[in-house]
There are 2 protein chains.
Amino acid sequence: MLIVGELINSSRKAIKEAVDAEDAEAIKKIAIDQYENGANYIDVNAGTYVGKEDKYMKWLISTVQEAVEVPCCIDSPDPKVVEAALELHKGTPMINSISLEKERWDALLPVVAGSDVKIIALCMSDSGMPETKDDRLSIASDLVNDLVKNNVPVENIYVDPLVQPISTNDSYGIEFMNAVEAIMAEFPGVHTICGLSNISYGLPERKLLNQTFVVMAICKGLDSAIINPLDRRMVAGIHAAETLAGRDEYCSNYLMAYREQKLSL
Amino acid sequence: MLIVGELINSSRKAIKEAVDAEDAEAIKKIAIDQYENGANYIDVNAGTYVGKEDKYMKWLISTVQEAVEVPCCIDSPDPKVVEAALELHKGTPMINSISLEKERWDALLPVVAGSDVKIIALCMSDSGMPETKDDRLSIASDLVNDLVKNNVPVENIYVDPLVQPISTNDSYGIEFMNAVEAIMAEFPGVHTICGLSNISYGLPERKLLNQTFVVMAICKGLDSAIINPLDRRMVAGIHAAETLAGRDEYCSNYLMAYREQKLSL
């Protein structure tokens with residue numbers, strides 16, 4: 001399972017305060033905590049700084065890269081911000097995200113075409129948000145086929161089928177999960193990824209729903225997730241789910257996680 | 001989700017002590033606790049009393065039925081014990097279980113043919129334990145088809161694909177789950193059920209594995225389970241999984257479980 005640590009996002013109060021105070025040590029600590037708890041990428045999002053997003057994105061990336069060896073996931077819908085971040089980033093980052101929305105696609109495609117970045121391909125188009133499995137598969141097909149045509153290797157593509165709240169439609173959970181299964185079957189080598197928290201929007205006991213949802217999505221083939229690596233229950237559930245899904249030869253990763261005390265709650 | 005409460009089993013120390021002391025109040029309390037925490041059936045197993053299983057089975061069933069309104073799940077491989085229990089049981093019980101093993105099948109079939117009992121059909125045959133999805137589907141097909149031919153309505157059949165420990169083969173989890181999916185697709189109206197604890201045999205943090213496994217199996221279509229209804233995390237996970245699987249219109253069962261404080265951990 002590939003884990004993207006989601007905590008360095010300026011919409012979170014602690015991050016906003018650290019950025020406003022240019023408190024690099026606070027940002028570094030959060031990067032290190034996520035890395036030490038299994039993050040393979042550190043997501044960096046400065047989206048709340050309208051007009052200054054590029055400045056703070058660059059500062060955050062430099063700061064994170066001084067602290068940890070894993071690459072960043074450059075999280076912005078603005079291709080100019082992504083480009084600015086790419087110039088600065090050392091190593092091969094992930095980009096969150098391209099989509100089928102024409103403006104975003106046209107601006108970001110030249111940045112990723114022929115490069116070796118990992119790219120999150122969000123199932124969104126100018127006709128709006130997908131609702132069903134088939135909506136998602138249709139957008140995913142266009143995204144994957146067009147990215148591959150533009151020399152992005154399929155194994156560098158992380159399709160995000162787009163999680164929507166089950167409080168607004170009780171079929172949104174299963175439609176998402178069936179989309180994961182269909183996308184993984186249709187495009188051998190591709191990855192699937194998602195953030196989780198939207199699924200539980202508007203409902204109580206959101207952590208329980210988020211933790212349960214990621215386990216179910218792993219059962220359907222999800223192989224990457226954007227999560228809080230400090231959520232011990234979530235991480236323990238992911239370890240258990242991967243082992244139960246038959247992705248852990250001799251249960252050796254599970255036993256290692258146990259020895260590292262990552263499974264006790 | 002149909003829940004069979006598993007706690008009244010003489011292999012458990014507290015139950016053995018209560019049975020030995022003929023402590024009906026202790027048994028009743030465990031029946032009531034399970035009922036109040038959502039059990040639809042109370043499993044009753046006196047299998048450790050070799051030679052006296054029928055006597056203790058009858059005493060346990062009478063005792064449980066004095067305490068709660070839900071029926072029992074008569075849990076014995078011995079058709080004579082099952083018949084003795086059936087004579088005594090009020091209402092329509094579940095039987096755990098028939099299998100394709102010839103001796104068990106031949107002796108139990110006359111008991112269930114044409115009756116309205118719920119019957120657990122365990123995927124086991126004289127050629128041994130199934131390992132793969134296809135092994136399980138093959139045994140399940142024989143069981144379901146032969147039971148239906150003998151006037152057991154398909155909706156009274158609960159196929160148990162047989163859980164085996166992933167510590168002995170790391171594909172046993174996913175093969176089981178894929179069998180659930182295949183059986184539910186192949187026989188519309190049939191149910192699937194299982195006990196959970198075998199999956200984690202030989203591994204640490206067994207509760208985590210069991211809780212994660214039931215969520216994944218629900219994602220594949222499992223609609224019944226033999227569990228400890230007093231395991232709050234397990235029950236909360238089942239509620240969340242059912243809602244996320246799209247089986248909970250307007251999330252109303254989830255919200256009711258929340259109001260009843262069944263989701264907080």
# chains A, B, ... in the order shown; residues from 1 in each chain; ligands from 1
>>> interface_residues(of="chain B", to="chain A", cutoff="6 Å", atoms="only C-alpha atoms", output="list in words")
Asp170, Ser171, Gly173, Ile174, Leu209, Met216, Cys219, Ala240, Leu244, Ala245, Gly246 and Tyr250 of chain B
>>> write_last_selection(atoms="N, CA, C and O atoms", output="compact mmCIF listing (two decimals), in the first residue's frame")
# COMPACT_ATOMS: atom_id res chain seq x y z
N ASP B 170 -1.46 -17.73 2.81
CA ASP B 170 -1.81 -16.31 2.78
C ASP B 170 -2.89 -15.97 1.75
O ASP B 170 -3.33 -14.82 1.68
N SER B 171 -3.34 -16.95 0.99
CA SER B 171 -4.45 -16.69 0.06
C SER B 171 -5.81 -17.09 0.63
O SER B 171 -6.84 -16.89 -0.02
N GLY B 173 -7.69 -15.86 2.92
CA GLY B 173 -8.63 -14.77 3.16
C GLY B 173 -9.34 -14.37 1.87
O GLY B 173 -10.57 -14.35 1.80
N ILE B 174 -8.55 -14.09 0.85
CA ILE B 174 -9.14 -13.58 -0.39
C ILE B 174 -9.93 -14.69 -1.10
O ILE B 174 -10.96 -14.42 -1.72
N LEU B 209 -7.68 -8.49 13.18
CA LEU B 209 -7.87 -9.25 11.95
C LEU B 209 -9.33 -9.67 11.79
O LEU B 209 -9.90 -9.57 10.70
N MET B 216 -14.48 -6.68 5.25
CA MET B 216 -14.14 -7.02 3.87
C MET B 216 -15.14 -8.02 3.29
O MET B 216 -15.54 -7.92 2.13
N CYS B 219 -18.23 -6.37 2.26
CA CYS B 219 -18.00 -5.70 0.98
C CYS B 219 -18.19 -6.66 -0.20
O CYS B 219 -18.60 -6.27 -1.28
N ALA B 240 -21.11 0.19 10.11
CA ALA B 240 -20.49 1.11 9.15
C ALA B 240 -20.35 0.44 7.78
O ALA B 240 -20.65 1.05 6.74
N LEU B 244 -21.85 1.66 4.20
CA LEU B 244 -20.94 1.97 3.09
C LEU B 244 -21.18 1.06 1.89
O LEU B 244 -20.91 1.45 0.76
N ALA B 245 -21.70 -0.14 2.14
CA ALA B 245 -21.96 -1.08 1.04
C ALA B 245 -23.26 -0.77 0.32
O ALA B 245 -23.65 -1.49 -0.60
N GLY B 246 -23.96 0.30 0.75
CA GLY B 246 -25.18 0.69 0.05
C GLY B 246 -26.40 -0.12 0.46
O GLY B 246 -27.37 -0.21 -0.27
N TYR B 250 -30.90 5.87 3.09
CA TYR B 250 -30.76 7.16 3.80
C TYR B 250 -29.86 7.03 5.03
O TYR B 250 -29.96 7.85 5.95
>>> select_by_dssp(residues="region 12-210 of chain B", states="strand (DSSP E)", output="CSV table (one decimal) with N, CA, C and O atoms, in the first residue's frame")
chain,number,residue,atom,x,y,z
B,41,TYR,N,-30.1,-14.6,16.5
B,41,TYR,CA,-30.2,-16.0,16.9
B,41,TYR,C,-29.1,-16.2,18.0
B,41,TYR,O,-28.1,-15.5,18.0
B,42,ILE,N,-29.4,-17.1,18.9
B,42,ILE,CA,-28.4,-17.4,20.0
B,42,ILE,C,-27.9,-18.8,19.7
B,42,ILE,O,-28.6,-19.8,19.7
B,43,ASP,N,-26.6,-18.8,19.3
B,43,ASP,CA,-26.0,-20.1,19.0
B,43,ASP,C,-25.8,-20.9,20.3
B,43,ASP,O,-25.5,-20.3,21.4
B,44,VAL,N,-26.1,-22.2,20.3
B,44,VAL,CA,-26.0,-23.1,21.5
B,44,VAL,C,-25.2,-24.3,21.1
B,44,VAL,O,-25.6,-25.0,20.2
B,45,ASN,N,-24.1,-24.5,21.8
B,45,ASN,CA,-23.2,-25.6,21.5
B,45,ASN,C,-22.7,-26.3,22.7
B,45,ASN,O,-22.2,-25.6,23.6
B,72,CYS,N,-33.0,-20.1,18.7
B,72,CYS,CA,-31.6,-20.6,18.8
B,72,CYS,C,-31.0,-21.0,17.5
B,72,CYS,O,-31.8,-21.3,16.6
B,73,CYS,N,-29.7,-21.1,17.5
B,73,CYS,CA,-29.0,-21.7,16.4
B,73,CYS,C,-28.4,-23.0,17.0
B,73,CYS,O,-27.5,-22.9,17.9
B,74,ILE,N,-29.0,-24.1,16.6
B,74,ILE,CA,-28.6,-25.4,17.2
B,74,ILE,C,-27.3,-25.9,16.6
B,74,ILE,O,-27.3,-26.2,15.4
B,75,ASP,N,-26.2,-25.9,17.4
B,75,ASP,CA,-24.9,-26.0,16.8
B,75,ASP,C,-24.3,-27.3,17.2
B,75,ASP,O,-23.7,-27.5,18.3
B,94,MET,N,-32.4,-22.0,13.7
B,94,MET,CA,-31.4,-22.3,12.7
B,94,MET,C,-30.6,-23.5,13.1
B,94,MET,O,-30.4,-23.8,14.3
B,95,ILE,N,-30.1,-24.3,12.1
B,95,ILE,CA,-29.3,-25.4,12.4
B,95,ILE,C,-27.9,-25.2,11.9
B,95,ILE,O,-27.7,-24.8,10.7
B,96,ASN,N,-26.9,-25.5,12.7
B,96,ASN,CA,-25.5,-25.3,12.4
B,96,ASN,C,-24.7,-26.6,12.6
B,96,ASN,O,-24.4,-26.9,13.7
B,97,SER,N,-24.6,-27.4,11.6
B,97,SER,CA,-24.8,-27.2,10.2
B,97,SER,C,-24.9,-28.6,9.4
B,97,SER,O,-24.4,-29.6,9.9
B,98,ILE,N,-25.4,-28.5,8.2
B,98,ILE,CA,-25.3,-29.7,7.3
B,98,ILE,C,-24.0,-29.4,6.5
B,98,ILE,O,-23.6,-28.3,6.3
B,99,SER,N,-23.5,-30.5,5.9
B,99,SER,CA,-22.4,-30.4,5.0
B,99,SER,C,-22.5,-31.5,3.9
B,99,SER,O,-23.5,-32.2,4.0
B,118,LYS,N,-34.0,-22.7,9.3
B,118,LYS,CA,-32.9,-22.0,8.6
B,118,LYS,C,-31.7,-23.0,8.7
B,118,LYS,O,-31.5,-23.5,9.8
B,119,ILE,N,-31.0,-23.3,7.6
B,119,ILE,CA,-29.9,-24.3,7.7
B,119,ILE,C,-28.6,-23.7,7.2
B,119,ILE,O,-28.5,-23.1,6.1
B,120,ILE,N,-27.6,-23.8,8.1
B,120,ILE,CA,-26.3,-23.4,7.6
B,120,ILE,C,-25.7,-24.6,6.9
B,120,ILE,O,-25.7,-25.7,7.3
B,121,ALA,N,-25.2,-24.3,5.6
B,121,ALA,CA,-24.7,-25.3,4.8
B,121,ALA,C,-23.2,-25.1,4.7
B,121,ALA,O,-22.7,-24.2,4.0
B,122,LEU,N,-22.4,-25.9,5.4
B,122,LEU,CA,-21.0,-25.8,5.5
B,122,LEU,C,-20.3,-26.4,4.3
B,122,LEU,O,-20.5,-27.5,3.9
B,157,ILE,N,-31.4,-21.0,3.3
B,157,ILE,CA,-30.0,-21.6,3.2
B,157,ILE,C,-29.0,-20.6,3.5
B,157,ILE,O,-28.9,-19.5,2.8
B,158,TYR,N,-28.1,-20.8,4.4
B,158,TYR,CA,-27.0,-19.9,4.8
B,158,TYR,C,-25.7,-20.7,4.5
B,158,TYR,O,-25.3,-21.6,5.3
B,159,VAL,N,-25.1,-20.4,3.4
B,159,VAL,CA,-23.9,-21.1,3.0
B,159,VAL,C,-22.7,-20.5,3.8
B,159,VAL,O,-22.5,-19.3,3.8
B,160,ASP,N,-22.0,-21.4,4.4
B,160,ASP,CA,-20.7,-21.1,5.1
B,160,ASP,C,-19.5,-21.6,4.3
B,160,ASP,O,-19.3,-22.8,4.3
B,191,HIS,N,-28.2,-17.0,1.3
B,191,HIS,CA,-27.4,-16.2,2.3
B,191,HIS,C,-26.0,-16.8,2.4
B,191,HIS,O,-25.8,-17.9,2.1
B,192,THR,N,-25.1,-15.9,2.9
B,192,THR,CA,-23.7,-16.4,3.3
B,192,THR,C,-23.5,-16.1,4.7
B,192,THR,O,-23.9,-15.0,5.2
>>> atom_distance(atom1="CA of Gly221 (chain B)", atom2="CA of Pro161 (chain B)")
12.4 Å
>>> closest_residue(among="A:Ala26, A:Cys123, A:Ala107, A:Val70", to="Thr92 (chain A)", atoms="only C-alpha atoms")
A:Val70
>>> closest_residue(among="B:Gln65, B:Asp20, B:Asn151, B:Ile32", to="Pro110 (chain B)", atoms="only C-alpha atoms")
B:Asn151
>>> residues_around(residues="Leu137 (chain B)", least_positions_apart="2", cutoff="12 Å", atoms="only C-alpha atoms", output="PDB file with N, CA, C and O atoms, in the first residue's frame")
ATOM      1  N   LEU B 122     -22.416 -25.932   5.363  1.00  0.00           N
ATOM      2  CA  LEU B 122     -20.972 -25.751   5.479  1.00  0.00           C
ATOM      3  C   LEU B 122     -20.254 -26.372   4.281  1.00  0.00           C
ATOM      4  O   LEU B 122     -20.495 -27.533   3.939  1.00  0.00           O
ATOM      5  N   CYS B 123     -19.373 -25.601   3.667  1.00  0.00           N
ATOM      6  CA  CYS B 123     -18.659 -26.065   2.473  1.00  0.00           C
ATOM      7  C   CYS B 123     -17.554 -27.044   2.856  1.00  0.00           C
ATOM      8  O   CYS B 123     -16.361 -26.720   2.826  1.00  0.00           O
ATOM      9  N   MET B 124     -17.986 -28.247   3.214  1.00  0.00           N
ATOM     10  CA  MET B 124     -17.037 -29.304   3.555  1.00  0.00           C
ATOM     11  C   MET B 124     -17.584 -30.589   2.957  1.00  0.00           C
ATOM     12  O   MET B 124     -18.795 -30.817   2.983  1.00  0.00           O
ATOM     13  N   PRO B 130     -12.135 -27.187   1.595  1.00  0.00           N
ATOM     14  CA  PRO B 130     -11.869 -26.431   0.363  1.00  0.00           C
ATOM     15  C   PRO B 130     -10.742 -25.430   0.576  1.00  0.00           C
ATOM     16  O   PRO B 130     -10.594 -24.880   1.664  1.00  0.00           O
ATOM     17  N   GLU B 131      -9.944 -25.206  -0.458  1.00  0.00           N
ATOM     18  CA  GLU B 131      -8.861 -24.224  -0.352  1.00  0.00           C
ATOM     19  C   GLU B 131      -9.146 -22.976  -1.186  1.00  0.00           C
ATOM     20  O   GLU B 131      -8.901 -21.874  -0.737  1.00  0.00           O
ATOM     21  N   THR B 132      -9.650 -23.180  -2.403  1.00  0.00           N
ATOM     22  CA  THR B 132      -9.810 -22.045  -3.316  1.00  0.00           C
ATOM     23  C   THR B 132     -11.272 -21.614  -3.392  1.00  0.00           C
ATOM     24  O   THR B 132     -12.173 -22.288  -2.905  1.00  0.00           O
ATOM     25  N   LYS B 133     -11.486 -20.481  -4.063  1.00  0.00           N
ATOM     26  CA  LYS B 133     -12.836 -20.022  -4.368  1.00  0.00           C
ATOM     27  C   LYS B 133     -13.594 -21.108  -5.129  1.00  0.00           C
ATOM     28  O   LYS B 133     -14.753 -21.406  -4.817  1.00  0.00           O
ATOM     29  N   ASP B 134     -12.942 -21.702  -6.126  1.00  0.00           N
ATOM     30  CA  ASP B 134     -13.640 -22.686  -6.960  1.00  0.00           C
ATOM     31  C   ASP B 134     -14.003 -23.943  -6.170  1.00  0.00           C
ATOM     32  O   ASP B 134     -15.077 -24.512  -6.368  1.00  0.00           O
ATOM     33  N   ASP B 135     -13.110 -24.385  -5.266  1.00  0.00           N
ATOM     34  CA  ASP B 135     -13.451 -25.521  -4.385  1.00  0.00           C
ATOM     35  C   ASP B 135     -14.747 -25.212  -3.634  1.00  0.00           C
ATOM     36  O   ASP B 135     -15.653 -26.044  -3.544  1.00  0.00           O
ATOM     37  N   ILE B 139     -18.610 -27.047  -3.944  1.00  0.00           N
ATOM     38  CA  ILE B 139     -19.334 -27.683  -2.837  1.00  0.00           C
ATOM     39  C   ILE B 139     -20.645 -26.939  -2.574  1.00  0.00           C
ATOM     40  O   ILE B 139     -21.704 -27.557  -2.378  1.00  0.00           O
ATOM     41  N   ALA B 140     -20.595 -25.614  -2.609  1.00  0.00           N
ATOM     42  CA  ALA B 140     -21.802 -24.808  -2.367  1.00  0.00           C
ATOM     43  C   ALA B 140     -22.877 -25.139  -3.402  1.00  0.00           C
ATOM     44  O   ALA B 140     -24.068 -25.234  -3.073  1.00  0.00           O
ATOM     45  N   SER B 141     -22.472 -25.332  -4.661  1.00  0.00           N
ATOM     46  CA  SER B 141     -23.444 -25.637  -5.717  1.00  0.00           C
ATOM     47  C   SER B 141     -24.163 -26.945  -5.421  1.00  0.00           C
ATOM     48  O   SER B 141     -25.391 -27.028  -5.510  1.00  0.00           O
ATOM     49  N   ASP B 142     -23.388 -27.967  -5.035  1.00  0.00           N
ATOM     50  CA  ASP B 142     -24.018 -29.251  -4.701  1.00  0.00           C
ATOM     51  C   ASP B 142     -24.961 -29.088  -3.512  1.00  0.00           C
ATOM     52  O   ASP B 142     -26.086 -29.596  -3.518  1.00  0.00           O
ATOM     53  N   LEU B 143     -24.496 -28.385  -2.488  1.00  0.00           N
ATOM     54  CA  LEU B 143     -25.317 -28.210  -1.283  1.00  0.00           C
ATOM     55  C   LEU B 143     -26.623 -27.474  -1.612  1.00  0.00           C
ATOM     56  O   LEU B 143     -27.710 -27.931  -1.265  1.00  0.00           O
ATOM     57  N   VAL B 144     -26.506 -26.346  -2.266  1.00  0.00           N
ATOM     58  CA  VAL B 144     -27.704 -25.527  -2.527  1.00  0.00           C
ATOM     59  C   VAL B 144     -28.663 -26.279  -3.454  1.00  0.00           C
ATOM     60  O   VAL B 144     -29.863 -26.377  -3.169  1.00  0.00           O
ATOM     61  N   ASN B 145     -28.127 -26.835  -4.525  1.00  0.00           N
ATOM     62  CA  ASN B 145     -29.017 -27.523  -5.474  1.00  0.00           C
ATOM     63  C   ASN B 145     -29.709 -28.712  -4.824  1.00  0.00           C
ATOM     64  O   ASN B 145     -30.916 -28.921  -5.008  1.00  0.00           O
ATOM     65  N   VAL B 159     -25.090 -20.391   3.362  1.00  0.00           N
ATOM     66  CA  VAL B 159     -23.867 -21.093   2.976  1.00  0.00           C
ATOM     67  C   VAL B 159     -22.690 -20.542   3.780  1.00  0.00           C
ATOM     68  O   VAL B 159     -22.455 -19.328   3.808  1.00  0.00           O
ATOM     69  N   ASP B 160     -21.959 -21.435   4.433  1.00  0.00           N
ATOM     70  CA  ASP B 160     -20.728 -21.063   5.136  1.00  0.00           C
ATOM     71  C   ASP B 160     -19.548 -21.559   4.305  1.00  0.00           C
ATOM     72  O   ASP B 160     -19.271 -22.767   4.282  1.00  0.00           O
ATOM     73  N   PRO B 161     -18.851 -20.630   3.614  1.00  0.00           N
ATOM     74  CA  PRO B 161     -17.772 -21.067   2.708  1.00  0.00           C
ATOM     75  C   PRO B 161     -16.544 -21.616   3.434  1.00  0.00           C
ATOM     76  O   PRO B 161     -15.614 -22.072   2.780  1.00  0.00           O
ATOM     77  N   LEU B 162     -16.545 -21.577   4.756  1.00  0.00           N
ATOM     78  CA  LEU B 162     -15.494 -22.154   5.594  1.00  0.00           C
ATOM     79  C   LEU B 162     -14.215 -21.322   5.623  1.00  0.00           C
ATOM     80  O   LEU B 162     -13.442 -21.304   4.668  1.00  0.00           O
ATOM     81  N   GLU B 175      -9.471 -15.948  -0.974  1.00  0.00           N
ATOM     82  CA  GLU B 175     -10.229 -17.038  -1.602  1.00  0.00           C
ATOM     83  C   GLU B 175     -11.604 -17.174  -0.952  1.00  0.00           C
ATOM     84  O   GLU B 175     -12.609 -17.401  -1.630  1.00  0.00           O
ATOM     85  N   PHE B 176     -11.646 -17.031   0.364  1.00  0.00           N
ATOM     86  CA  PHE B 176     -12.936 -17.065   1.068  1.00  0.00           C
ATOM     87  C   PHE B 176     -13.829 -15.931   0.571  1.00  0.00           C
ATOM     88  O   PHE B 176     -15.000 -16.130   0.237  1.00  0.00           O
ATOM     89  N   MET B 177     -13.273 -14.713   0.544  1.00  0.00           N
ATOM     90  CA  MET B 177     -14.098 -13.550   0.171  1.00  0.00           C
ATOM     91  C   MET B 177     -14.591 -13.648  -1.266  1.00  0.00           C
ATOM     92  O   MET B 177     -15.741 -13.312  -1.561  1.00  0.00           O
ATOM     93  N   ASN B 178     -13.726 -14.124  -2.153  1.00  0.00           N
ATOM     94  CA  ASN B 178     -14.170 -14.289  -3.533  1.00  0.00           C
ATOM     95  C   ASN B 178     -15.247 -15.371  -3.645  1.00  0.00           C
ATOM     96  O   ASN B 178     -16.131 -15.289  -4.504  1.00  0.00           O
ATOM     97  N   ALA B 179     -15.176 -16.368  -2.758  1.00  0.00           N
ATOM     98  CA  ALA B 179     -16.223 -17.392  -2.740  1.00  0.00           C
ATOM     99  C   ALA B 179     -17.556 -16.791  -2.309  1.00  0.00           C
ATOM    100  O   ALA B 179     -18.604 -17.114  -2.887  1.00  0.00           O
ATOM    101  N   VAL B 180     -17.535 -15.936  -1.304  1.00  0.00           N
ATOM    102  CA  VAL B 180     -18.772 -15.258  -0.880  1.00  0.00           C
ATOM    103  C   VAL B 180     -19.403 -14.546  -2.075  1.00  0.00           C
ATOM    104  O   VAL B 180     -20.593 -14.703  -2.373  1.00  0.00           O
ATOM    105  N   GLU B 181     -18.580 -13.783  -2.783  1.00  0.00           N
ATOM    106  CA  GLU B 181     -19.079 -13.016  -3.932  1.00  0.00           C
ATOM    107  C   GLU B 181     -19.672 -13.956  -4.998  1.00  0.00           C
ATOM    108  O   GLU B 181     -20.766 -13.713  -5.517  1.00  0.00           O
ATOM    109  N   ALA B 182     -18.954 -15.041  -5.290  1.00  0.00           N
ATOM    110  CA  ALA B 182     -19.400 -15.958  -6.339  1.00  0.00           C
ATOM    111  C   ALA B 182     -20.693 -16.673  -5.933  1.00  0.00           C
ATOM    112  O   ALA B 182     -21.611 -16.837  -6.750  1.00  0.00           O
ATOM    113  N   ILE B 183     -20.790 -17.075  -4.674  1.00  0.00           N
ATOM    114  CA  ILE B 183     -21.978 -17.803  -4.206  1.00  0.00           C
ATOM    115  C   ILE B 183     -23.200 -16.876  -4.224  1.00  0.00           C
ATOM    116  O   ILE B 183     -24.285 -17.270  -4.668  1.00  0.00           O
ATOM    117  N   MET B 184     -23.030 -15.650  -3.765  1.00  0.00           N
ATOM    118  CA  MET B 184     -24.151 -14.703  -3.762  1.00  0.00           C
ATOM    119  C   MET B 184     -24.608 -14.395  -5.193  1.00  0.00           C
ATOM    120  O   MET B 184     -25.794 -14.169  -5.438  1.00  0.00           O
ATOM    121  N   ALA B 185     -23.657 -14.367  -6.132  1.00  0.00           N
ATOM    122  CA  ALA B 185     -24.019 -14.085  -7.526  1.00  0.00           C
ATOM    123  C   ALA B 185     -24.694 -15.287  -8.176  1.00  0.00           C
ATOM    124  O   ALA B 185     -25.623 -15.147  -8.975  1.00  0.00           O
ATOM    125  N   GLU B 186     -24.257 -16.482  -7.813  1.00  0.00           N
ATOM    126  CA  GLU B 186     -24.724 -17.708  -8.476  1.00  0.00           C
ATOM    127  C   GLU B 186     -26.123 -18.117  -8.019  1.00  0.00           C
ATOM    128  O   GLU B 186     -26.888 -18.687  -8.803  1.00  0.00           O
ATOM    129  N   PHE B 187     -26.456 -17.851  -6.760  1.00  0.00           N
ATOM    130  CA  PHE B 187     -27.729 -18.331  -6.211  1.00  0.00           C
ATOM    131  C   PHE B 187     -28.531 -17.176  -5.617  1.00  0.00           C
ATOM    132  O   PHE B 187     -28.501 -16.941  -4.402  1.00  0.00           O
ATOM    133  N   THR B 192     -25.054 -15.936   2.874  1.00  0.00           N
ATOM    134  CA  THR B 192     -23.732 -16.448   3.258  1.00  0.00           C
ATOM    135  C   THR B 192     -23.473 -16.051   4.707  1.00  0.00           C
ATOM    136  O   THR B 192     -23.909 -15.002   5.166  1.00  0.00           O
TER     137      THR B 192
END
>>> closest_residue(among="A:Asn9, A:Gln164, A:Asn150, A:Thr63", to="Glu25 (chain A)", atoms="only C-alpha atoms")
A:Thr63
>>> closest_residue(among="A:Lys58, A:Arg232, A:Glu6, A:Pro79", to="Ser197 (chain A)", atoms="only C-alpha atoms")
A:Glu6
>>> select_by_dssp(residues="region 18-52 of chain B", states="alpha helix (DSSP H)", output="MDAnalysis selection string")
chainID B and resid 18:20 24:36
>>> closest_residue(among="B:Val111, B:Met256, B:Ala225, B:Ala85", to="Ser62 (chain B)", atoms="only C-alpha atoms")
B:Ala85
>>> residues_around(residues="Ile3 (chain B)", least_positions_apart="4", cutoff="7 Å", atoms="only C-alpha atoms", output="list in words")
Gly38, Ala39, Asn40, Tyr41, Ser224, Ala225, Ile226 and Ile227 of chain B
>>> write_last_selection(atoms="C-alpha atoms", output="PDB file, in the first residue's frame")
ATOM      1  CA  GLY B  38     -28.349  -7.239  18.369  1.00  0.00           C
ATOM      2  CA  ALA B  39     -28.212 -11.046  18.124  1.00  0.00           C
ATOM      3  CA  ASN B  40     -30.982 -12.414  15.889  1.00  0.00           C
ATOM      4  CA  TYR B  41     -30.170 -16.008  16.889  1.00  0.00           C
ATOM      5  CA  SER B 224     -24.875 -12.958   8.095  1.00  0.00           C
ATOM      6  CA  ALA B 225     -22.197 -13.699  10.670  1.00  0.00           C
ATOM      7  CA  ILE B 226     -21.585 -15.767  13.782  1.00  0.00           C
ATOM      8  CA  ILE B 227     -19.915 -13.301  16.147  1.00  0.00           C
TER       9      ILE B 227
END
